[in-house]
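**Q** Contents are CSV, C-alpha atoms; file name structure39.csv:
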chain,number,residue,atom,x,y,z
A,880,MET,CA,84.3,100.3,142.7
A,881,GLN,CA,83.4,101.0,146.3
A,882,GLU,CA,83.2,104.8,147.0
A,883,LYS,CA,85.4,105.9,149.9
A,884,THR,CA,84.7,109.6,149.9
A,885,ASN,CA,83.0,111.6,152.7
A,886,LEU,CA,80.7,113.4,150.4
A,887,THR,CA,77.1,113.9,151.6
A,888,PHE,CA,75.9,112.6,148.2
A,889,LYS,CA,78.2,109.6,148.0
A,890,SER,CA,76.9,106.6,146.2
A,891,LEU,CA,74.3,104.5,148.0
A,892,ASN,CA,74.9,101.5,145.8
A,893,SER,CA,77.6,99.0,146.7
A,894,GLY,CA,80.4,98.8,144.1
A,895,VAL,CA,79.1,101.8,142.1
A,896,MET,CA,80.5,105.4,142.1
A,897,HIS,CA,81.2,108.4,139.9
A,898,ALA,CA,84.9,107.7,139.8
A,899,CYS,CA,85.8,109.6,136.7
A,900,GLY,CA,83.7,112.8,136.8
A,901,HIS,CA,81.3,112.2,133.8
A,902,ASP,CA,78.6,113.8,135.9
A,903,LEU,CA,80.7,117.0,135.7
A,904,HIS,CA,80.9,116.7,131.9
A,905,LEU,CA,77.2,116.1,131.4
A,906,THR,CA,76.3,119.0,133.7
A,907,SER,CA,78.7,121.4,132.0
A,908,LEU,CA,77.2,120.6,128.6
A,909,LEU,CA,73.7,121.1,130.0
A,910,GLY,CA,74.8,124.6,131.2
A,911,ALA,CA,76.1,125.4,127.8
A,912,ILE,CA,72.8,124.3,126.2
A,913,LYS,CA,70.8,126.5,128.5
A,914,TYR,CA,73.0,129.5,127.6
A,915,PHE,CA,72.7,129.0,123.9
A,916,LYS,CA,69.0,128.4,124.2
A,917,ASP,CA,68.6,131.7,126.0
A,918,ASN,CA,70.9,133.5,123.5
A,919,GLN,CA,70.1,131.9,120.2
A,920,GLU,CA,70.8,135.2,118.4
A,921,GLN,CA,74.5,134.7,119.1
A,922,ILE,CA,74.7,131.5,117.2
A,923,LYS,CA,76.3,132.0,113.8
A,924,GLY,CA,75.5,128.7,112.3
A,925,THR,CA,74.4,125.4,113.8
A,926,ILE,CA,75.5,123.7,117.1
A,927,GLN,CA,74.8,120.1,117.9
A,928,PHE,CA,75.2,118.9,121.5
A,929,LEU,CA,76.4,115.4,122.0
A,930,PHE,CA,76.3,113.6,125.4
A,931,GLN,CA,79.1,111.1,124.7
A,932,PRO,CA,77.7,107.5,125.1
A,933,ALA,CA,79.6,104.5,126.3
A,934,GLU,CA,82.9,106.4,126.7
A,935,GLU,CA,84.1,104.1,129.5
A,936,ALA,CA,83.2,100.8,127.7
A,937,GLY,CA,84.3,102.1,124.3
A,938,GLY,CA,82.4,101.8,121.1
A,939,GLY,CA,79.9,104.6,121.8
A,940,ALA,CA,81.6,107.0,119.3
A,941,GLU,CA,81.5,104.4,116.6
A,942,GLN,CA,77.7,103.9,117.1
A,943,VAL,CA,77.2,107.7,116.9
A,944,ILE,CA,79.2,107.9,113.6
A,945,GLU,CA,77.5,104.9,112.1
A,946,LYS,CA,74.1,106.5,112.7
A,947,LYS,CA,75.3,109.6,110.9
A,948,VAL,CA,74.4,111.9,113.8
A,949,LEU,CA,77.4,114.0,113.1
A,950,LYS,CA,77.1,113.8,109.3
A,951,ASP,CA,77.5,117.6,108.6
A,952,VAL,CA,79.6,118.6,111.6
A,953,LYS,CA,82.7,120.5,110.6
A,954,ALA,CA,84.4,120.7,114.0
A,955,ILE,CA,84.0,119.0,117.4
A,956,LEU,CA,84.8,120.2,120.9
A,957,GLY,CA,85.2,118.2,124.2
A,958,PHE,CA,86.9,118.1,127.5
A,959,HIS,CA,87.7,115.7,130.4
A,960,ASN,CA,88.0,116.9,134.0
A,961,ASN,CA,91.4,116.4,135.5
A,962,PRO,CA,91.7,116.0,139.3
A,963,ASN,CA,95.4,116.7,139.2
A,964,LEU,CA,94.8,120.3,138.1
A,965,PRO,CA,93.3,123.1,140.2
A,966,VAL,CA,89.7,124.2,139.7
A,967,GLY,CA,89.6,126.9,137.0
A,968,THR,CA,92.6,125.5,135.1
A,969,ILE,CA,92.3,124.7,131.4
A,970,ALA,CA,95.2,122.6,129.8
A,971,LEU,CA,95.2,122.4,126.0
A,972,GLN,CA,97.6,122.0,123.1
A,973,SER,CA,97.5,121.0,119.5
A,974,GLY,CA,98.6,117.4,118.7
A,975,PRO,CA,98.6,114.6,121.3
A,976,MET,CA,96.7,114.8,124.6
A,977,MET,CA,95.6,111.3,125.7
A,978,ALA,CA,97.0,107.9,124.7
A,979,GLY,CA,95.5,105.2,122.5
A,980,CYS,CA,94.1,102.3,124.5
A,981,TYR,CA,94.4,98.7,123.4
A,982,LYS,CA,93.5,95.5,125.2
A,983,PHE,CA,95.1,92.0,124.7
A,984,GLU,CA,94.0,88.7,126.0
A,985,VAL,CA,96.1,85.5,125.8
A,986,THR,CA,95.1,81.9,126.5
A,987,ILE,CA,97.9,79.4,126.7
A,988,LYS,CA,96.9,75.7,126.2
A,989,GLY,CA,99.3,73.1,127.5
A,990,GLN,CA,98.8,69.8,129.2
A,991,GLY,CA,97.9,69.3,132.9
A,992,SER,CA,99.6,66.9,135.2
A,993,HIS,CA,100.1,66.3,138.9
A,994,GLY,CA,102.4,68.8,140.6
A,995,ALA,CA,104.7,65.9,141.5
A,996,LYS,CA,104.9,64.7,137.9
A,997,PRO,CA,105.6,67.8,135.8
A,998,GLU,CA,107.3,65.7,133.1
A,999,LYS,CA,103.9,64.2,132.3
A,1000,GLY,CA,102.5,67.6,131.2
A,1001,ARG,CA,103.2,70.9,129.4
A,1002,ASP,CA,103.1,73.5,132.1
A,1003,PRO,CA,101.2,76.7,130.9
A,1004,ILE,CA,102.2,78.6,134.0
A,1005,ILE,CA,105.9,78.4,133.2
A,1006,ALA,CA,105.2,79.5,129.6
A,1007,SER,CA,103.0,82.4,130.7
A,1008,THR,CA,105.6,83.7,133.2
A,1009,GLU,CA,108.2,83.6,130.4
A,1010,ILE,CA,105.9,85.5,128.1
A,1011,VAL,CA,104.9,88.1,130.6
A,1012,GLY,CA,108.6,88.9,131.2
A,1013,ALA,CA,109.4,88.9,127.5
A,1014,LEU,CA,106.6,91.4,126.7
A,1015,GLN,CA,108.5,94.1,128.5
A,1016,THR,CA,111.3,93.9,125.9
A,1017,ILE,CA,108.9,95.2,123.3
A,1018,VAL,CA,109.2,98.7,124.7
A,1019,SER,CA,112.8,98.5,125.9
A,1020,ARG,CA,114.2,96.9,122.7
A,1021,ASN,CA,111.8,97.8,119.9
A,1022,VAL,CA,110.3,101.3,120.5
A,1023,ASN,CA,112.2,104.6,120.1
A,1024,PRO,CA,113.1,105.7,123.6
A,1025,GLN,CA,111.7,109.1,122.9
A,1026,ASP,CA,108.2,107.6,122.3
A,1027,ALA,CA,105.9,107.0,125.2
A,1028,VAL,CA,104.6,103.4,125.2
A,1029,VAL,CA,103.3,101.3,128.2
A,1030,ILE,CA,102.6,97.6,128.2
A,1031,SER,CA,100.9,96.3,131.4
A,1032,VAL,CA,99.8,92.8,132.2
A,1033,THR,CA,96.9,93.3,134.7
A,1034,ASN,CA,95.4,89.9,135.3
A,1035,ILE,CA,96.7,86.4,135.4
A,1036,ASN,CA,94.6,83.3,136.0
A,1037,ALA,CA,95.8,79.6,136.1
A,1038,GLY,CA,94.9,76.6,138.1
A,1039,SER,CA,92.6,76.1,141.1
A,1040,VAL,CA,94.3,73.7,143.5
A,1041,TRP,CA,97.8,73.6,145.1
A,1042,ASN,CA,99.0,70.2,143.8
A,1043,VAL,CA,97.9,70.1,140.1
A,1044,ILE,CA,99.4,71.8,137.1
A,1045,PRO,CA,96.6,73.1,135.0
A,1046,SER,CA,96.1,72.6,131.3
A,1047,GLU,CA,95.5,76.3,130.6
A,1048,ALA,CA,96.7,79.7,131.7
A,1049,TYR,CA,95.2,83.1,130.9
A,1050,PHE,CA,96.4,86.6,131.2
A,1051,GLN,CA,95.2,90.0,129.9
A,1052,GLY,CA,96.5,93.6,129.9
A,1053,THR,CA,96.6,96.9,128.2
A,1054,VAL,CA,98.9,98.9,125.8
A,1055,ARG,CA,99.0,102.7,125.9
A,1056,LEU,CA,100.7,104.9,123.3
A,1057,PHE,CA,100.4,108.1,121.3
A,1058,ASP,CA,101.5,107.0,117.8
A,1059,GLU,CA,99.3,104.6,115.8
A,1060,LYS,CA,102.5,103.3,114.1
A,1061,ASN,CA,103.7,102.1,117.4
A,1062,ALA,CA,100.4,100.2,117.9
A,1063,GLU,CA,101.1,98.1,114.8
A,1064,LEU,CA,104.7,97.5,116.0
A,1065,VAL,CA,103.6,96.5,119.5
A,1066,LYS,CA,100.9,94.2,118.2
A,1067,GLN,CA,103.2,92.5,115.8
A,1068,ARG,CA,105.9,91.9,118.4
A,1069,LEU,CA,103.4,90.7,121.0
A,1070,PHE,CA,102.0,88.1,118.6
A,1071,GLU,CA,105.5,87.0,117.7
A,1072,LEU,CA,106.7,86.6,121.3
A,1073,VAL,CA,103.6,84.9,122.6
A,1074,GLU,CA,103.4,82.4,119.7
A,1075,GLY,CA,107.1,81.8,119.6
A,1076,ILE,CA,107.6,81.2,123.4
A,1077,ALA,CA,104.5,79.0,123.5
A,1078,LYS,CA,105.8,76.9,120.6
A,1079,ALA,CA,109.1,76.5,122.3
A,1080,TYR,CA,107.3,75.1,125.3
A,1081,GLY,CA,105.2,72.7,123.2
A,1082,GLN,CA,102.0,74.6,123.7
A,1083,SER,CA,99.4,76.5,121.7
A,1084,VAL,CA,97.9,79.9,122.2
A,1085,GLU,CA,94.8,82.0,121.4
A,1086,ILE,CA,95.4,85.8,121.3
A,1087,ASP,CA,92.8,88.5,121.1
A,1088,TRP,CA,93.8,92.1,120.4
A,1089,SER,CA,91.2,94.9,120.5
A,1090,GLU,CA,91.4,98.7,120.0
A,1091,ARG,CA,89.5,100.4,122.8
A,1092,ALA,CA,90.4,104.0,122.0
A,1093,LEU,CA,92.6,105.8,119.5
A,1094,PRO,CA,95.1,108.5,120.6
A,1095,ILE,CA,93.6,112.0,121.1
A,1096,ASN,CA,95.2,114.3,118.5
A,1097,ASN,CA,94.0,117.9,118.5
A,1098,ASP,CA,93.7,119.8,115.2
A,1099,SER,CA,96.4,122.5,115.2
A,1100,ASP,CA,94.3,125.3,113.5
A,1101,LEU,CA,91.1,124.6,115.5
A,1102,THR,CA,93.1,124.3,118.8
A,1103,GLN,CA,94.6,127.8,118.3
A,1104,ILE,CA,91.1,129.2,117.5
A,1105,VAL,CA,89.7,127.7,120.8
A,1106,ILE,CA,92.7,129.0,122.8
A,1107,ASN,CA,92.2,132.5,121.5
A,1108,SER,CA,88.5,132.3,122.3
A,1109,LEU,CA,88.9,131.4,125.9
A,1110,SER,CA,88.8,133.9,128.7
A,1111,ASN,CA,90.8,131.6,131.0
A,1112,THR,CA,94.6,131.3,130.7
A,1113,VAL,CA,95.4,128.1,128.9
A,1114,HIS,CA,98.2,125.9,130.3
A,1115,LYS,CA,100.4,123.3,128.6
A,1116,PRO,CA,99.0,119.9,129.5
A,1117,LEU,CA,100.9,116.9,130.8
A,1118,LEU,CA,100.1,114.0,128.4
A,1119,SER,CA,97.9,111.3,129.9
A,1120,MET,CA,98.3,107.6,129.3
A,1121,ALA,CA,94.5,107.2,129.9
A,1122,GLY,CA,92.3,106.6,126.8
A,1123,GLU,CA,89.3,108.6,125.6
A,1124,ASP,CA,86.6,107.6,123.1
A,1125,PHE,CA,86.5,111.2,121.8
A,1126,ALA,CA,89.5,110.2,119.6
A,1127,THR,CA,87.2,108.2,117.4
A,1128,TYR,CA,85.2,111.4,116.6
A,1129,GLN,CA,88.5,113.1,115.7
A,1130,LYS,CA,89.3,110.4,113.2
A,1131,LYS,CA,86.3,111.7,111.2
A,1132,ILE,CA,86.0,115.3,112.3
A,1133,PRO,CA,88.7,117.9,113.1
A,1134,GLY,CA,88.4,118.3,116.9
A,1135,VAL,CA,89.7,119.9,120.1
A,1136,PHE,CA,89.9,118.2,123.5
A,1137,ALA,CA,91.0,119.8,126.7
A,1138,PHE,CA,91.7,119.0,130.4
A,1139,ILE,CA,89.8,121.1,132.9
A,1140,GLY,CA,91.0,121.1,136.5
A,1141,SER,CA,88.5,119.5,139.0
A,1142,ASN,CA,90.5,119.4,142.2
A,1143,GLY,CA,94.2,120.0,142.4
A,1144,SER,CA,94.8,119.4,146.1
A,1145,PRO,CA,98.1,117.6,146.9
A,1146,ASP,CA,96.3,114.4,148.0
A,1147,ALA,CA,93.7,114.4,145.3
A,1148,ALA,CA,92.8,110.9,144.0
A,1149,ASP,CA,93.2,110.3,140.3
A,1150,TRP,CA,90.5,108.9,137.9
A,1151,HIS,CA,89.0,105.5,138.8
A,1152,GLU,CA,90.1,105.6,142.4
A,1153,PRO,CA,87.7,105.1,145.4
A,1154,ASN,CA,88.6,108.5,146.8
A,1155,PHE,CA,88.1,110.5,143.6
A,1156,VAL,CA,86.4,113.8,144.1
A,1157,GLY,CA,85.5,116.2,141.2
A,1158,LEU,CA,84.6,119.5,142.8
A,1159,ASP,CA,81.4,121.2,141.8
A,1160,GLU,CA,83.3,124.5,141.3
A,1161,THR,CA,84.6,122.8,138.1
A,1162,LEU,CA,81.3,123.5,136.4
A,1163,LYS,CA,81.8,127.2,135.8
A,1164,THR,CA,84.9,126.6,133.9
A,1165,GLY,CA,83.4,123.6,132.0
A,1166,VAL,CA,80.4,125.6,130.9
A,1167,ASN,CA,82.5,128.6,129.8
A,1168,TYR,CA,84.8,126.4,127.9
A,1169,PHE,CA,81.9,124.9,125.9
A,1170,ILE,CA,80.3,128.4,125.3
A,1171,GLU,CA,83.5,130.3,124.4
A,1172,GLY,CA,85.1,127.4,122.4
A,1173,ALA,CA,81.9,126.9,120.4
A,1174,GLN,CA,81.5,130.6,119.7
A,1175,GLY,CA,85.1,130.8,118.5
A,1176,LEU,CA,84.8,127.8,116.2
A,1177,LEU,CA,81.5,129.0,114.8
A,1178,GLU,CA,82.9,132.4,113.9
A,1179,TYR,CA,86.0,130.8,112.4
A,1180,LEU,CA,84.0,128.4,110.3
A,1181,SER,CA,81.5,131.0,109.1
A,1182,GLU,CA,84.4,133.3,108.0
A,1183,LYS,CA,86.0,130.4,106.2
A,1184,VAL,CA,82.8,129.7,104.3
A,1185,ASN,CA,82.3,133.3,103.3
Represent the structure contained in this file as structure tokens.

**A**
Amino acid sequence: MQEKTNLTFKSLNSGVMHACGHDLHLTSLLGAIKYFKDNQEQIKGTIQFLFQPAEEAGGGAEQVIEKKVLKDVKAILGFHNNPNLPVGTIALQSGPMMAGCYKFEVTIKGQGSHGAKPEKGRDPIIASTEIVGALQTIVSRNVNPQDAVVISVTNINAGSVWNVIPSEAYFQGTVRLFDEKNAELVKQRLFELVEGIAKAYGQSVEIDWSERALPINNDSDLTQIVINSLSNTVHKPLLSMAGEDFATYQKKIPGVFAFIGSNGSPDAADWHEPNFVGLDETLKTGVNYFIEGAQGLLEYLSEKVN
């Protein structure tokens, strides 16, 4: 992504930028580490600090868990900056916060022919356009209207010249949702529609479905402990359809994940946009969130043990 901000420290590398604010997350945790190092007598138990690896690419949390880095951890705390919220704002609730993220890839194999002789082939472009349209019925005719589910086809590729029907067509996209049961439903219907329509057009398909991130689901008890520990007023969040690798940790460890405001101006760019700006003033709230949240959880867990 080509950075289009006017920051004095904007990226010098073409096509590379901090378009999600992970530098804010890392620096906030460094600030918390310094505080606890300087005030070790306040630690009632053990704190491990985790710099979340490969969050964007996915799979980083699985590697951490597999290496048993978090073997004895009883609770986990994290946050993501949110440019839609003013600096100093913390948004947090028990239950859902961010959506599960799933990726699908479909290759349709037909038979190529000259554009003037379509009857000689099996046009995969026609089949793919039928499928792309039909995928939208998964949400509108299968999912409870009160549930939030999004299916987006984001890339289509077929053919290379103007007068030849290709033998293959390819498309990929993403599914976002908050209930894992809906993930199974969407996956089942997607496979049924893709395979059924392709068969009707005399073609074959290859489908790849991958889980990139589970839905964020905050533990109700721990969330209340964290809220009570924070000096900032905590606001009710707007759920985000973006995905977060932190959910994989929550599958194994009860956890709390928050949004911390990093901009809030009316024209602020969202995550993964060329004009994204996460303000440095976010760091004070980020550091305090880690310190106060960790202290509250440690006290709660120590009392629970005793």

**Q** Show me, as a PyMOL selection string, the residues that have an atom within 10 Å of range 1146-1153 of chain A when counting all atoms listed in the file, minus same-chain residues fewer than 6 positions from it.

**A** chain A and resi 880-884+894-900+960-964+1121

**Q** Rounded to one decimal, what separation in Å do you get between CA of Asn918 in chain A and CA of Val943 in chain A?

**A** 27.4 Å

**Q** Using only C-alpha atoms, give me every residue within 6 Å of (87.9, 118.6, 142.7) in file coordinates, as a list in words.

**A**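 Protein, DNA and RNA residues close to (87.9, 118.6, 142.7): Pro962, Ser1141, Asn1142, Val1156, Gly1157 and Leu1158 of chain A.
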
**Q** Do you know which residues are at most 7 Å from Leu1176 in chain A counting all atoms listed in the file, after dropping those on the same chain fewer than 3 positions away, and could you put them as a PyMOL selection string?

**A** chain A and resi 1104-1105+1172-1173+1179-1180

**Q** Under the rule of at most 12 Å, produce a per-residue listing of range 944-1015 of chain A near range 1047-1063 of chain A: chain, number, name, the closest pair of atoms, and the distance in Å, as CSV, using only C-alpha atoms.

**A**
residue,atom,partner,partner_atom,distance
A:Gly974,CA,A:Phe1057,CA,9.8
A:Pro975,CA,A:Phe1057,CA,6.7
A:Met976,CA,A:Phe1057,CA,8.3
A:Met977,CA,A:Phe1057,CA,7.3
A:Ala978,CA,A:Phe1057,CA,4.8
A:Gly979,CA,A:Leu1056,CA,5.3
A:Cys980,CA,A:Arg1055,CA,5.1
A:Tyr981,CA,A:Val1054,CA,5.1
A:Lys982,CA,A:Thr1053,CA,4.5
A:Phe983,CA,A:Gln1051,CA,5.6
A:Glu984,CA,A:Gln1051,CA,4.3
A:Val985,CA,A:Phe1050,CA,5.5
A:Thr986,CA,A:Tyr1049,CA,4.6
A:Ile987,CA,A:Ala1048,CA,5.2
A:Lys988,CA,A:Glu1047,CA,4.7
A:Gly989,CA,A:Glu1047,CA,5.9
A:Gln990,CA,A:Glu1047,CA,7.4
A:Gly991,CA,A:Glu1047,CA,7.7
A:Ser992,CA,A:Glu1047,CA,11.2
A:Gly1000,CA,A:Glu1047,CA,11.2
A:Arg1001,CA,A:Glu1047,CA,9.5
A:Asp1002,CA,A:Glu1047,CA,8.2
A:Pro1003,CA,A:Ala1048,CA,5.5
A:Ile1004,CA,A:Ala1048,CA,6.1
A:Ile1005,CA,A:Ala1048,CA,9.4
A:Ala1006,CA,A:Ala1048,CA,8.8
A:Ser1007,CA,A:Ala1048,CA,6.9
A:Thr1008,CA,A:Phe1050,CA,9.9
A:Ile1010,CA,A:Phe1050,CA,10.1
A:Val1011,CA,A:Phe1050,CA,8.7
A:Leu1014,CA,A:Val1054,CA,10.8
A:Gln1015,CA,A:Val1054,CA,11.1

**Q** Between CA of Val1113 in chain A and CA of Ile969 in chain A, measure the distance and give it in Å to one decimal.

**A**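 We find that CA of Val1113 in chain A and CA of Ile969 in chain A lie 5.2 Å from each other.
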
**Q** If you measure from CA of Ala933 in chain A to CA of Lys1131 in chain A, what distance in Å do you get, rounded to one decimal?

**A**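 Interatomic distance, CA of Ala933 in chain A to CA of Lys1131 in chain A: 18.0 Å.
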
**Q** Which residues, written as a list in words, have at least one atom at most 10 Å from Lys1115 in chain A, with all atoms listed in the file counted and residues fewer than 2 positions away on the same chain left out?

**A**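 Final neighbour list, sorted by chain and number: Ile969, Ala970, Leu971, Gln972, Ser973, Val1113, Leu1117, Leu1118 and Phe1138 of chain A.
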
**Q** Taking all atoms listed in the file into account, which of A:Gly1175, A:Ser1110, A:Asn885, A:Phe1136 comes nearest Gly967 in chain A?

**A**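 Going through A:Gly1175, A:Ser1110, A:Asn885, A:Phe1136 one by one, the smallest distance to Gly967 in chain A is for A:Ser1110.
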
**Q** Please tell me which residues are no farther than 8 Å from (95.8, 120.9, 117.9) in the file, counting all atoms listed in the file, and write them as number ranges by chain.

**A** A: 972-975, 1096-1103, 1134-1135

**Q** Skipping near chain neighbours, those fewer than 3 positions away, what residues fall within 9 Å of Thr906 in chain A using only C-alpha atoms, listed as a list in words?

**A**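 Near neighbours after the sequence-gap exclusion: His901, Asp902, Leu903, Leu909, Gly910, Ala911, Leu1162, Gly1165 and Val1166 of chain A.
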
**Q** Which residue is closest to Val1073 in chain A? Choose from A:Ile1106, A:Asp1026, A:Ala1013, A:Glu1123 and count only C-alpha atoms.

**A**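 Smallest distance to Val1073 in chain A is found for A:Ala1013.
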
**Q** Which residue is closest to Val1040 in chain A? Choose from A:Ser1144, A:Gln931, A:Gly994, A:Gln1082 and count all atoms listed in the file.

**A**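 Answer, going by the shortest atom-to-atom distance: A:Gly994.
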
**Q** Using all atoms listed in the file, which of A:Glu1074, A:Ser1181, A:Pro932, A:Ile1044 sits nearest Glu998 in chain A?

**A**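 Result for the nearest residue to Glu998 in chain A: A:Ile1044.
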